[in-house]
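Undergrad: Handing over data20.pdb, PDB, C-alpha atoms and all ligand atoms.
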MODEL        1
ATOM      1  CA  MET A 692     123.328 127.129 -83.813
ATOM      2  CA  ARG A 693     125.829 125.201 -81.776
ATOM      3  CA  HIS A 694     124.897 127.276 -78.809
ATOM      4  CA  ILE A 695     121.184 126.571 -79.279
ATOM      5  CA  THR A 696     121.855 122.844 -79.599
ATOM      6  CA  ARG A 697     123.842 122.863 -76.412
ATOM      7  CA  THR A 698     121.109 124.792 -74.610
ATOM      8  CA  LEU A 699     118.482 122.373 -75.854
ATOM      9  CA  LEU A 700     120.542 119.397 -74.773
ATOM     10  CA  GLY A 701     121.020 120.984 -71.393
ATOM     11  CA  PHE A 702     117.314 121.586 -71.072
ATOM     12  CA  THR A 703     116.484 118.003 -72.065
ATOM     13  CA  ALA A 704     118.932 116.679 -69.495
ATOM     14  CA  LEU A 705     117.319 118.874 -66.866
ATOM     15  CA  VAL A 706     113.827 117.646 -67.710
ATOM     16  CA  VAL A 707     114.983 114.031 -67.664
ATOM     17  CA  SER A 708     116.710 114.414 -64.313
ATOM     18  CA  LEU A 709     113.718 116.234 -62.860
ATOM     19  CA  GLN A 710     111.527 113.387 -64.025
ATOM     20  CA  SER A 711     113.621 110.740 -62.342
ATOM     21  CA  PHE A 712     113.749 112.924 -59.267
ATOM     22  CA  ALA A 713     109.955 113.141 -59.286
ATOM     23  CA  ASP A 714     109.767 109.357 -59.704
ATOM     24  CA  SER A 715     112.028 108.672 -56.777
ATOM     25  CA  LYS A 716     109.914 111.060 -54.699
ATOM     26  CA  ASP A 717     106.890 108.778 -55.044
ATOM     27  CA  PRO A 718     107.643 105.792 -52.831
ATOM     28  CA  ASN A 719     104.869 103.776 -54.514
ATOM     29  CA  LEU A 720     106.988 103.604 -57.656
ATOM     30  CA  ASP A 721     109.754 101.978 -55.645
ATOM     31  CA  LEU A 722     107.225  99.412 -54.427
ATOM     32  CA  ILE A 723     106.088  98.707 -57.988
ATOM     33  CA  HIS A 724     109.698  98.302 -59.156
ATOM     34  CA  ALA A 725     110.451  95.955 -56.285
ATOM     35  CA  ARG A 726     107.546  93.606 -57.014
ATOM     36  CA  GLN A 727     108.268  93.680 -60.738
ATOM     37  CA  GLY A 728     111.884  92.845 -59.940
ATOM     38  CA  GLU A 729     110.797  89.831 -57.932
ATOM     39  CA  MET A 730     108.591  88.718 -60.840
ATOM     40  CA  GLU A 731     111.541  89.131 -63.227
ATOM     41  CA  LEU A 732     113.537  86.799 -60.994
ATOM     42  CA  ARG A 733     110.754  84.232 -61.207
ATOM     43  CA  SER A 734     111.131  84.349 -64.988
ATOM     44  CA  TYR A 735     114.886  84.189 -64.707
ATOM     45  CA  PHE A 736     114.717  80.911 -62.774
ATOM     46  CA  LEU A 737     111.733  79.438 -64.599
ATOM     47  CA  GLY A 738     113.089  79.986 -68.129
ATOM     48  CA  PRO A 739     115.976  77.477 -68.007
ATOM     49  CA  LEU A 740     113.715  74.903 -66.314
ATOM     50  CA  VAL A 741     111.212  75.218 -69.144
ATOM     51  CA  ALA A 742     114.021  74.938 -71.707
ATOM     52  CA  MET A 743     115.171  71.666 -70.099
ATOM     53  CA  ALA A 744     111.654  70.300 -69.885
ATOM     54  CA  LYS A 745     111.094  71.033 -73.565
ATOM     55  CA  GLY A 746     114.426  69.491 -74.509
ATOM     56  CA  ASP A 747     115.808  72.776 -75.831
ATOM     57  CA  THR A 748     118.762  72.402 -73.467
ATOM     58  CA  PRO A 749     120.071  69.174 -71.930
ATOM     59  CA  TYR A 750     118.732  68.218 -68.509
ATOM     60  CA  ASN A 751     121.144  69.146 -65.752
ATOM     61  CA  ALA A 752     120.200  67.848 -62.312
ATOM     62  CA  GLU A 753     122.227  70.427 -60.421
ATOM     63  CA  THR A 754     120.738  73.392 -62.284
ATOM     64  CA  ALA A 755     117.231  71.922 -62.104
ATOM     65  CA  ALA A 756     117.544  71.520 -58.341
ATOM     66  CA  SER A 757     119.129  74.895 -57.649
ATOM     67  CA  PHE A 758     116.852  76.932 -59.937
ATOM     68  CA  SER A 759     113.689  75.334 -58.591
ATOM     69  CA  LYS A 760     114.915  75.876 -55.037
ATOM     70  CA  SER A 761     115.671  79.482 -55.935
ATOM     71  CA  LEU A 762     112.055  79.898 -57.033
ATOM     72  CA  GLN A 763     111.046  78.474 -53.677
ATOM     73  CA  LEU A 764     113.361  80.876 -51.840
ATOM     74  CA  LEU A 765     111.666  83.819 -53.539
ATOM     75  CA  ASN A 766     108.409  82.759 -51.881
ATOM     76  CA  GLY A 767     110.081  83.311 -48.517
ATOM     77  CA  LEU A 768     110.702  86.997 -49.218
ATOM     78  CA  ASP A 769     108.483  89.414 -47.356
ATOM     79  CA  MET A 770     107.021  91.274 -50.335
ATOM     80  CA  ASP A 771     103.739  92.376 -48.702
ATOM     81  CA  ARG A 772     104.607  96.067 -48.602
ATOM     82  CA  ALA A 773     105.362  96.010 -52.342
ATOM     83  CA  TRP A 774     101.669  95.204 -52.887
ATOM     84  CA  SER A 775     100.322  98.139 -50.906
ATOM     85  CA  PRO A 776      96.808  99.385 -51.751
ATOM     86  CA  GLY A 777      96.728 102.384 -54.086
ATOM     87  CA  THR A 778      99.403 101.001 -56.428
ATOM     88  CA  ALA A 779      97.201  99.526 -59.180
ATOM     89  CA  ASN A 780      97.242 100.510 -62.839
ATOM     90  CA  ASP A 781      94.240 102.825 -62.485
ATOM     91  CA  LYS A 782      96.521 105.211 -60.617
ATOM     92  CA  TYR A 783      99.854 104.185 -62.158
ATOM     93  CA  GLU A 784      98.953 103.623 -65.777
ATOM     94  CA  GLY A 785     101.973 102.636 -67.846
ATOM     95  CA  LYS A 786     103.986 101.868 -64.717
ATOM     96  CA  THR A 787     102.244  98.724 -63.540
ATOM     97  CA  LYS A 788     100.016  95.996 -64.938
ATOM     98  CA  ALA A 789      98.533  95.188 -61.553
ATOM     99  CA  LEU A 790      94.733  95.490 -61.779
ATOM    100  CA  PRO A 791      92.671  97.163 -59.041
ATOM    101  CA  LYS A 792      90.922  93.779 -58.790
ATOM    102  CA  ILE A 793      93.880  92.537 -56.727
ATOM    103  CA  TRP A 794      92.788  94.821 -53.907
ATOM    104  CA  ASN A 795      89.030  94.990 -54.665
ATOM    105  CA  THR A 796      88.629  91.241 -54.353
ATOM    106  CA  TYR A 797      91.263  90.684 -51.696
ATOM    107  CA  PRO A 798      92.015  88.034 -50.378
ATOM    108  CA  GLU A 799      90.987  86.217 -53.575
ATOM    109  CA  ILE A 800      94.503  86.546 -55.051
ATOM    110  CA  GLY A 801      95.844  84.761 -51.979
ATOM    111  CA  LYS A 802      94.345  81.499 -53.259
ATOM    112  CA  TYR A 803      96.311  81.884 -56.490
ATOM    113  CA  GLY A 804      99.427  82.555 -54.452
ATOM    114  CA  GLU A 805      98.889  79.466 -52.330
ATOM    115  CA  LYS A 806      98.408  77.281 -55.401
ATOM    116  CA  TYR A 807     101.562  78.725 -56.889
ATOM    117  CA  GLU A 808     103.585  78.116 -53.735
ATOM    118  CA  ALA A 809     102.367  74.526 -53.453
ATOM    119  CA  ALA A 810     103.352  73.907 -57.084
ATOM    120  CA  VAL A 811     106.797  75.423 -56.504
ATOM    121  CA  ASP A 812     107.285  73.320 -53.355
ATOM    122  CA  ALA A 813     106.521  70.168 -55.325
ATOM    123  CA  LEU A 814     108.912  71.242 -58.070
ATOM    124  CA  ALA A 815     111.716  72.174 -55.679
ATOM    125  CA  GLY A 816     111.448  68.778 -54.011
ATOM    126  CA  SER A 817     111.692  66.825 -57.250
ATOM    127  CA  ALA A 818     113.253  68.723 -60.155
ATOM    128  CA  GLY A 819     116.749  67.469 -59.341
ATOM    129  CA  ASN A 820     115.653  63.816 -59.472
ATOM    130  CA  GLY A 821     115.467  63.497 -63.232
ATOM    131  CA  LEU A 822     113.910  64.940 -66.354
ATOM    132  CA  ASN A 823     110.637  63.089 -65.876
ATOM    133  CA  GLU A 824     110.216  64.493 -62.372
ATOM    134  CA  LEU A 825     110.994  67.979 -63.628
ATOM    135  CA  ARG A 826     108.437  67.614 -66.398
ATOM    136  CA  ALA A 827     105.820  66.155 -64.086
ATOM    137  CA  ASN A 828     105.947  69.130 -61.719
ATOM    138  CA  LEU A 829     106.768  72.084 -63.923
ATOM    139  CA  GLY A 830     103.393  72.262 -65.664
ATOM    140  CA  ASP A 831     101.533  73.166 -62.476
ATOM    141  CA  VAL A 832     103.982  75.987 -61.797
ATOM    142  CA  GLY A 833     103.509  77.443 -65.269
ATOM    143  CA  LYS A 834      99.748  77.112 -64.957
ATOM    144  CA  ALA A 835      99.806  78.928 -61.623
ATOM    145  CA  CYS A 836     101.830  81.817 -63.081
ATOM    146  CA  LYS A 837      99.426  82.067 -65.988
ATOM    147  CA  ALA A 838      96.239  81.786 -63.934
ATOM    148  CA  CYS A 839      97.243  84.717 -61.766
ATOM    149  CA  HIS A 840      98.379  86.842 -64.693
ATOM    150  CA  ASP A 841      95.164  86.063 -66.601
ATOM    151  CA  ASP A 842      92.969  87.180 -63.725
ATOM    152  CA  PHE A 843      94.927  89.962 -62.047
ATOM    153  CA  THR A 844      97.099  91.722 -64.628
ATOM    154  CA  ALA A 845      96.308  94.047 -67.523
ATOM    155  CA  LYS A 846      96.820  92.514 -70.947
ATOM    156  CA  LYS A 847      98.931  95.417 -72.211
TER     157      LYS A 847
HETATM  158  C1  LIG B 901      99.475  85.277 -57.400
HETATM  159  C2  LIG B 901      99.708  86.050 -58.603
HETATM  160  C3  LIG B 901     100.923  85.853 -59.447
HETATM  161  C4  LIG B 901     101.650  84.713 -59.656
HETATM  162  C5  LIG B 901     101.425  83.320 -59.084
HETATM  163  C6  LIG B 901     102.702  85.049 -60.568
HETATM  164  N1  LIG B 901     102.614  86.368 -60.915
HETATM  165 FE1  LIG B 901     103.850  87.373 -62.181
HETATM  166  N2  LIG B 901     102.784  89.061 -61.898
HETATM  167  C7  LIG B 901     101.699  89.204 -61.081
HETATM  168  C8  LIG B 901     101.243  90.569 -61.089
HETATM  169  C9  LIG B 901     100.070  91.123 -60.324
HETATM  170  C10 LIG B 901     102.105  91.256 -61.963
HETATM  171  C11 LIG B 901     102.060  92.752 -62.326
HETATM  172  C12 LIG B 901     103.039  93.485 -61.412
HETATM  173  C13 LIG B 901     103.152  94.959 -61.744
HETATM  174  O1  LIG B 901     103.237  95.313 -62.943
HETATM  175  O2  LIG B 901     103.177  95.774 -60.805
HETATM  176  C14 LIG B 901     103.062  90.275 -62.462
HETATM  177  C15 LIG B 901     104.074  90.564 -63.352
HETATM  178  C16 LIG B 901     104.977  89.659 -63.846
HETATM  179  C17 LIG B 901     106.037  89.959 -64.772
HETATM  180  C18 LIG B 901     106.316  91.326 -65.395
HETATM  181  C19 LIG B 901     107.279  92.074 -64.471
HETATM  182  C20 LIG B 901     107.655  93.452 -64.981
HETATM  183  O3  LIG B 901     108.853  93.762 -65.020
HETATM  184  O4  LIG B 901     106.747  94.233 -65.340
HETATM  185  C21 LIG B 901     106.726  88.803 -64.996
HETATM  186  C22 LIG B 901     107.940  88.616 -65.880
HETATM  187  C23 LIG B 901     106.100  87.776 -64.203
HETATM  188  N3  LIG B 901     105.042  88.331 -63.507
HETATM  189  C24 LIG B 901     106.529  86.463 -64.151
HETATM  190  C25 LIG B 901     105.930  85.482 -63.371
HETATM  191  C26 LIG B 901     106.328  84.098 -63.386
HETATM  192  C27 LIG B 901     107.429  83.513 -64.256
HETATM  193  C28 LIG B 901     105.540  83.454 -62.493
HETATM  194  C29 LIG B 901     105.552  82.009 -62.109
HETATM  195  C30 LIG B 901     106.836  81.347 -61.947
HETATM  196  C31 LIG B 901     104.626  84.443 -61.935
HETATM  197  N4  LIG B 901     104.897  85.658 -62.489
HETATM  198  C32 LIG B 901     103.652  84.158 -61.015
HETATM  199  C33 LIG B 901     101.092  88.204 -60.358
HETATM  200  C34 LIG B 901     101.537  86.893 -60.260
ENDMDL
END
Mind turning the file's structure into structure tokens?
TA:
Amino acid sequence: MRHITRTLLGFTALVVSLQSFADSKDPNLDLIHARQGEMELRSYFLGPLVAMAKGDTPYNAETAASFSKSLQLLNGLDMDRAWSPGTANDKYEGKTKALPKIWNTYPEIGKYGEKYEAAVDALAGSAGNGLNELRANLGDVGKACKACHDDFTAKK
């Protein structure tokens, strides 16, 4: 019995490692991970700004300035390759929420991106100047995130 268990465990480990090997063999999965990672960073910087705006945490000018500028810095990354055609959720179901519409209607999504970047620029230039300034400019950023997700990502 112990022997069988060990064999089974060994087999499971082999299957798991073969799977991750297969994953790393498909470069499109690396692209998907990269763009999702950049999106995670957007959340990472946006979250504390939202908490301050809502009054859940005290306003801190230094954090407000540096986190909003960090969001702005992300927009300077060259992420184009991470959005290569052929990487939508029709082909990579369960791996990505990116809808084929991103590519089918291209460059429509670019307008959403431009709106988002303009909102982040306004935020980065003002969030460190006081809670009211943060509040005044954060809404447009949140709306821009949501608008793009509503129109270009799968709901689940
Ligand atoms: C111009 C379009 C666009 C804008 C603007 C945008 N996103 Fe996204 N976001 C996407 C797309 C498309 C995906 C799906 C990516 C995928 O699964 O491959 C996504 C996915 C995500 C994810 C999930 C990442 C994961 O690990 O699966 C998070 C979190 C996220 N976005 C946060 C944000 C935040 C926060 C903002 C605003 C500060 C934002 N996004 C602005 C298009 C956008």
Undergrad: For the structure shown, which residues end up in the PyMOL selection byres (((not hetatm)) within 7 of (chain B and resi 901))? Put them as a VMD selection string, please?
TA: chain A and resid 723 726 to 728 730 to 731 733 to 734 737 786 to 789 800 to 801 803 to 804 807 832 to 833 835 to 837 839 to 840 843 to 844
Undergrad: Nearest residue to Gly819 in chain A out of A:Gly785, A:Asp771, A:Tyr750, A:Gly738, using only C-alpha atoms?
TA: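 Result for the nearest residue to Gly819 in chain A: A:Tyr750.
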Undergrad: In Å, rounded to a single decimal, give me how far CA of Glu729 in chain A is from CA of Gly830 in chain A.
TA: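 Atom-to-atom, CA of Gly830 in chain A to CA of Glu729 in chain A, that is 20.6 Å.
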Undergrad: Can you turn the PyMOL selection byres (((chain A and resi 754) around 12) and not hetatm) into a concrete residue list for this file, as a list in words?
TA: Phe736, Leu737, Gly738, Pro739, Leu740, Val741, Ala742, Met743, Thr748, Pro749, Tyr750, Asn751, Ala752, Glu753, Ala755, Ala756, Ser757, Phe758, Ser759, Lys760, Ser761, Ala815, Ala818, Gly819, Asn820, Gly821, Leu822 and Leu825 of chain A
Undergrad: Work out how far CA of Lys846 in chain A is from CA of Ile793 in chain A, in Å to one decimal.
TA: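 The value is 14.5 Å.
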Undergrad: Mind listing whatever residues come within 10 Å of the point (101.7, 94.6, -51.7)? Use only C-alpha atoms, file coordinates, and give them as a list of chain:residue names.
TA: A:Leu722, A:Ile723, A:Ala725, A:Arg726, A:Asp769, A:Met770, A:Asp771, A:Arg772, A:Ala773, A:Trp774, A:Ser775, A:Pro776, A:Gly777, A:Thr778, A:Ile793, A:Trp794
Undergrad: Could the centre and edge lengths of an axis-aligned box, enclosing all atoms of range 746-752 of chain A in the file with 5 Å extra on each side, be given in Å to one decimal as AutoDock Vina command-line options?
TA:
--center_x 117.8 --center_y 70.3 --center_z -69.1 --size_x 16.7 --size_y 14.9 --size_z 23.5
Undergrad: Report the residues retrieved by the PyMOL selection byres (((chain A and resi 811) around 9) and not hetatm) from the displayed file, expressed as a PDB file with C-alpha atoms, in the frame of the given file.
TA:
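Heads up, here's the output in result_22.pdb:
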ATOM      1  CA  SER A 759     113.689  75.334 -58.591  1.00  0.00           C
ATOM      2  CA  LYS A 760     114.915  75.876 -55.037  1.00  0.00           C
ATOM      3  CA  LEU A 762     112.055  79.898 -57.033  1.00  0.00           C
ATOM      4  CA  GLN A 763     111.046  78.474 -53.677  1.00  0.00           C
ATOM      5  CA  ASN A 766     108.409  82.759 -51.881  1.00  0.00           C
ATOM      6  CA  LYS A 806      98.408  77.281 -55.401  1.00  0.00           C
ATOM      7  CA  TYR A 807     101.562  78.725 -56.889  1.00  0.00           C
ATOM      8  CA  GLU A 808     103.585  78.116 -53.735  1.00  0.00           C
ATOM      9  CA  ALA A 809     102.367  74.526 -53.453  1.00  0.00           C
ATOM     10  CA  ALA A 810     103.352  73.907 -57.084  1.00  0.00           C
ATOM     11  CA  ASP A 812     107.285  73.320 -53.355  1.00  0.00           C
ATOM     12  CA  ALA A 813     106.521  70.168 -55.325  1.00  0.00           C
ATOM     13  CA  LEU A 814     108.912  71.242 -58.070  1.00  0.00           C
ATOM     14  CA  ALA A 815     111.716  72.174 -55.679  1.00  0.00           C
ATOM     15  CA  GLY A 816     111.448  68.778 -54.011  1.00  0.00           C
ATOM     16  CA  ASN A 828     105.947  69.130 -61.719  1.00  0.00           C
ATOM     17  CA  LEU A 829     106.768  72.084 -63.923  1.00  0.00           C
ATOM     18  CA  ASP A 831     101.533  73.166 -62.476  1.00  0.00           C
ATOM     19  CA  VAL A 832     103.982  75.987 -61.797  1.00  0.00           C
TER      20      VAL A 832
END
Undergrad: Between CA of Ala779 in chain A and CA of Lys802 in chain A, what is the distance, to one decimal in Å?
TA: 19.2 Å
Undergrad: Just checking: using only C-alpha atoms, which residue out of A:Leu720, A:Ala744, A:Ala838, A:Leu764 ends up closest to Glu784 in chain A?
TA: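 Comparing A:Leu720, A:Ala744, A:Ala838, A:Leu764 against Glu784 in chain A, the winner is A:Leu720.
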Undergrad: How would range 718-751 of chain A look with N, CA and C atoms restored, written as a PDB file, in the frame of the given file?
TA:
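Produced file result-v7.pdb, reproduced below:
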ATOM      1  N   PRO A 718     107.179 107.095 -53.331  1.00  0.00           N
ATOM      2  CA  PRO A 718     107.643 105.792 -52.831  1.00  0.00           C
ATOM      3  C   PRO A 718     106.865 104.617 -53.427  1.00  0.00           C
ATOM      4  N   ASN A 719     105.636 104.871 -53.913  1.00  0.00           N
ATOM      5  CA  ASN A 719     104.869 103.776 -54.514  1.00  0.00           C
ATOM      6  C   ASN A 719     105.557 103.223 -55.761  1.00  0.00           C
ATOM      7  N   LEU A 720     106.291 104.088 -56.463  1.00  0.00           N
ATOM      8  CA  LEU A 720     106.988 103.604 -57.656  1.00  0.00           C
ATOM      9  C   LEU A 720     108.119 102.656 -57.261  1.00  0.00           C
ATOM     10  N   ASP A 721     108.728 102.903 -56.139  1.00  0.00           N
ATOM     11  CA  ASP A 721     109.754 101.978 -55.645  1.00  0.00           C
ATOM     12  C   ASP A 721     109.129 100.619 -55.313  1.00  0.00           C
ATOM     13  N   LEU A 722     107.918 100.666 -54.760  1.00  0.00           N
ATOM     14  CA  LEU A 722     107.225  99.412 -54.427  1.00  0.00           C
ATOM     15  C   LEU A 722     106.922  98.631 -55.704  1.00  0.00           C
ATOM     16  N   ILE A 723     106.429  99.350 -56.712  1.00  0.00           N
ATOM     17  CA  ILE A 723     106.088  98.707 -57.988  1.00  0.00           C
ATOM     18  C   ILE A 723     107.346  98.096 -58.608  1.00  0.00           C
ATOM     19  N   HIS A 724     108.441  98.832 -58.599  1.00  0.00           N
ATOM     20  CA  HIS A 724     109.698  98.302 -59.156  1.00  0.00           C
ATOM     21  C   HIS A 724     110.140  97.052 -58.405  1.00  0.00           C
ATOM     22  N   ALA A 725     109.993  97.092 -57.101  1.00  0.00           N
ATOM     23  CA  ALA A 725     110.451  95.955 -56.285  1.00  0.00           C
ATOM     24  C   ALA A 725     109.663  94.692 -56.632  1.00  0.00           C
ATOM     25  N   ARG A 726     108.336  94.822 -56.735  1.00  0.00           N
ATOM     26  CA  ARG A 726     107.546  93.606 -57.014  1.00  0.00           C
ATOM     27  C   ARG A 726     107.766  93.137 -58.441  1.00  0.00           C
ATOM     28  N   GLN A 727     107.975  94.096 -59.366  1.00  0.00           N
ATOM     29  CA  GLN A 727     108.268  93.680 -60.738  1.00  0.00           C
ATOM     30  C   GLN A 727     109.626  92.989 -60.803  1.00  0.00           C
ATOM     31  N   GLY A 728     110.563  93.485 -59.991  1.00  0.00           N
ATOM     32  CA  GLY A 728     111.884  92.845 -59.940  1.00  0.00           C
ATOM     33  C   GLY A 728     111.796  91.415 -59.444  1.00  0.00           C
ATOM     34  N   GLU A 729     110.953  91.198 -58.447  1.00  0.00           N
ATOM     35  CA  GLU A 729     110.797  89.831 -57.932  1.00  0.00           C
ATOM     36  C   GLU A 729     110.177  88.936 -59.004  1.00  0.00           C
ATOM     37  N   MET A 730     109.214  89.482 -59.751  1.00  0.00           N
ATOM     38  CA  MET A 730     108.591  88.718 -60.840  1.00  0.00           C
ATOM     39  C   MET A 730     109.615  88.397 -61.932  1.00  0.00           C
ATOM     40  N   GLU A 731     110.490  89.367 -62.221  1.00  0.00           N
ATOM     41  CA  GLU A 731     111.541  89.131 -63.227  1.00  0.00           C
ATOM     42  C   GLU A 731     112.433  87.968 -62.784  1.00  0.00           C
ATOM     43  N   LEU A 732     112.714  87.903 -61.500  1.00  0.00           N
ATOM     44  CA  LEU A 732     113.537  86.799 -60.994  1.00  0.00           C
ATOM     45  C   LEU A 732     112.815  85.465 -61.160  1.00  0.00           C
ATOM     46  N   ARG A 733     111.498  85.475 -60.982  1.00  0.00           N
ATOM     47  CA  ARG A 733     110.754  84.232 -61.207  1.00  0.00           C
ATOM     48  C   ARG A 733     110.979  83.761 -62.638  1.00  0.00           C
ATOM     49  N   SER A 734     110.894  84.695 -63.582  1.00  0.00           N
ATOM     50  CA  SER A 734     111.131  84.349 -64.988  1.00  0.00           C
ATOM     51  C   SER A 734     112.550  83.859 -65.204  1.00  0.00           C
ATOM     52  N   TYR A 735     113.470  84.540 -64.561  1.00  0.00           N
ATOM     53  CA  TYR A 735     114.886  84.189 -64.707  1.00  0.00           C
ATOM     54  C   TYR A 735     115.137  82.731 -64.302  1.00  0.00           C
ATOM     55  N   PHE A 736     114.506  82.292 -63.236  1.00  0.00           N
ATOM     56  CA  PHE A 736     114.717  80.911 -62.774  1.00  0.00           C
ATOM     57  C   PHE A 736     113.834  79.917 -63.532  1.00  0.00           C
ATOM     58  N   LEU A 737     112.639  80.364 -63.917  1.00  0.00           N
ATOM     59  CA  LEU A 737     111.733  79.438 -64.599  1.00  0.00           C
ATOM     60  C   LEU A 737     112.209  79.123 -66.020  1.00  0.00           C
ATOM     61  N   GLY A 738     112.726  80.142 -66.714  1.00  0.00           N
ATOM     62  CA  GLY A 738     113.089  79.986 -68.129  1.00  0.00           C
ATOM     63  C   GLY A 738     113.964  78.768 -68.415  1.00  0.00           C
ATOM     64  N   PRO A 739     115.103  78.628 -67.746  1.00  0.00           N
ATOM     65  CA  PRO A 739     115.976  77.477 -68.007  1.00  0.00           C
ATOM     66  C   PRO A 739     115.320  76.138 -67.653  1.00  0.00           C
ATOM     67  N   LEU A 740     114.419  76.151 -66.668  1.00  0.00           N
ATOM     68  CA  LEU A 740     113.715  74.903 -66.314  1.00  0.00           C
ATOM     69  C   LEU A 740     112.776  74.494 -67.447  1.00  0.00           C
ATOM     70  N   VAL A 741     112.104  75.484 -68.010  1.00  0.00           N
ATOM     71  CA  VAL A 741     111.212  75.218 -69.144  1.00  0.00           C
ATOM     72  C   VAL A 741     112.024  74.718 -70.339  1.00  0.00           C
ATOM     73  N   ALA A 742     113.172  75.349 -70.576  1.00  0.00           N
ATOM     74  CA  ALA A 742     114.021  74.938 -71.707  1.00  0.00           C
ATOM     75  C   ALA A 742     114.454  73.478 -71.560  1.00  0.00           C
ATOM     76  N   MET A 743     114.788  73.072 -70.336  1.00  0.00           N
ATOM     77  CA  MET A 743     115.171  71.666 -70.099  1.00  0.00           C
ATOM     78  C   MET A 743     113.980  70.741 -70.302  1.00  0.00           C
ATOM     79  N   ALA A 744     112.844  71.145 -69.784  1.00  0.00           N
ATOM     80  CA  ALA A 744     111.654  70.300 -69.885  1.00  0.00           C
ATOM     81  C   ALA A 744     111.261  70.089 -71.348  1.00  0.00           C
ATOM     82  N   LYS A 745     111.448  71.132 -72.146  1.00  0.00           N
ATOM     83  CA  LYS A 745     111.094  71.033 -73.565  1.00  0.00           C
ATOM     84  C   LYS A 745     112.161  70.334 -74.384  1.00  0.00           C
ATOM     85  N   GLY A 746     113.337  70.130 -73.770  1.00  0.00           N
ATOM     86  CA  GLY A 746     114.426  69.491 -74.509  1.00  0.00           C
ATOM     87  C   GLY A 746     115.242  70.482 -75.332  1.00  0.00           C
ATOM     88  N   ASP A 747     115.022  71.773 -75.108  1.00  0.00           N
ATOM     89  CA  ASP A 747     115.808  72.776 -75.831  1.00  0.00           C
ATOM     90  C   ASP A 747     117.237  72.822 -75.311  1.00  0.00           C
ATOM     91  N   THR A 748     117.411  72.533 -74.030  1.00  0.00           N
ATOM     92  CA  THR A 748     118.762  72.402 -73.467  1.00  0.00           C
ATOM     93  C   THR A 748     118.787  71.072 -72.713  1.00  0.00           C
ATOM     94  N   PRO A 749     119.988  70.467 -72.605  1.00  0.00           N
ATOM     95  CA  PRO A 749     120.071  69.174 -71.930  1.00  0.00           C
ATOM     96  C   PRO A 749     119.683  69.292 -70.455  1.00  0.00           C
ATOM     97  N   TYR A 750     119.082  68.241 -69.928  1.00  0.00           N
ATOM     98  CA  TYR A 750     118.732  68.218 -68.509  1.00  0.00           C
ATOM     99  C   TYR A 750     120.006  68.219 -67.667  1.00  0.00           C
ATOM    100  N   ASN A 751     120.018  69.083 -66.684  1.00  0.00           N
ATOM    101  CA  ASN A 751     121.144  69.146 -65.752  1.00  0.00           C
ATOM    102  C   ASN A 751     120.570  69.133 -64.337  1.00  0.00           C
TER     103      ASN A 751
END
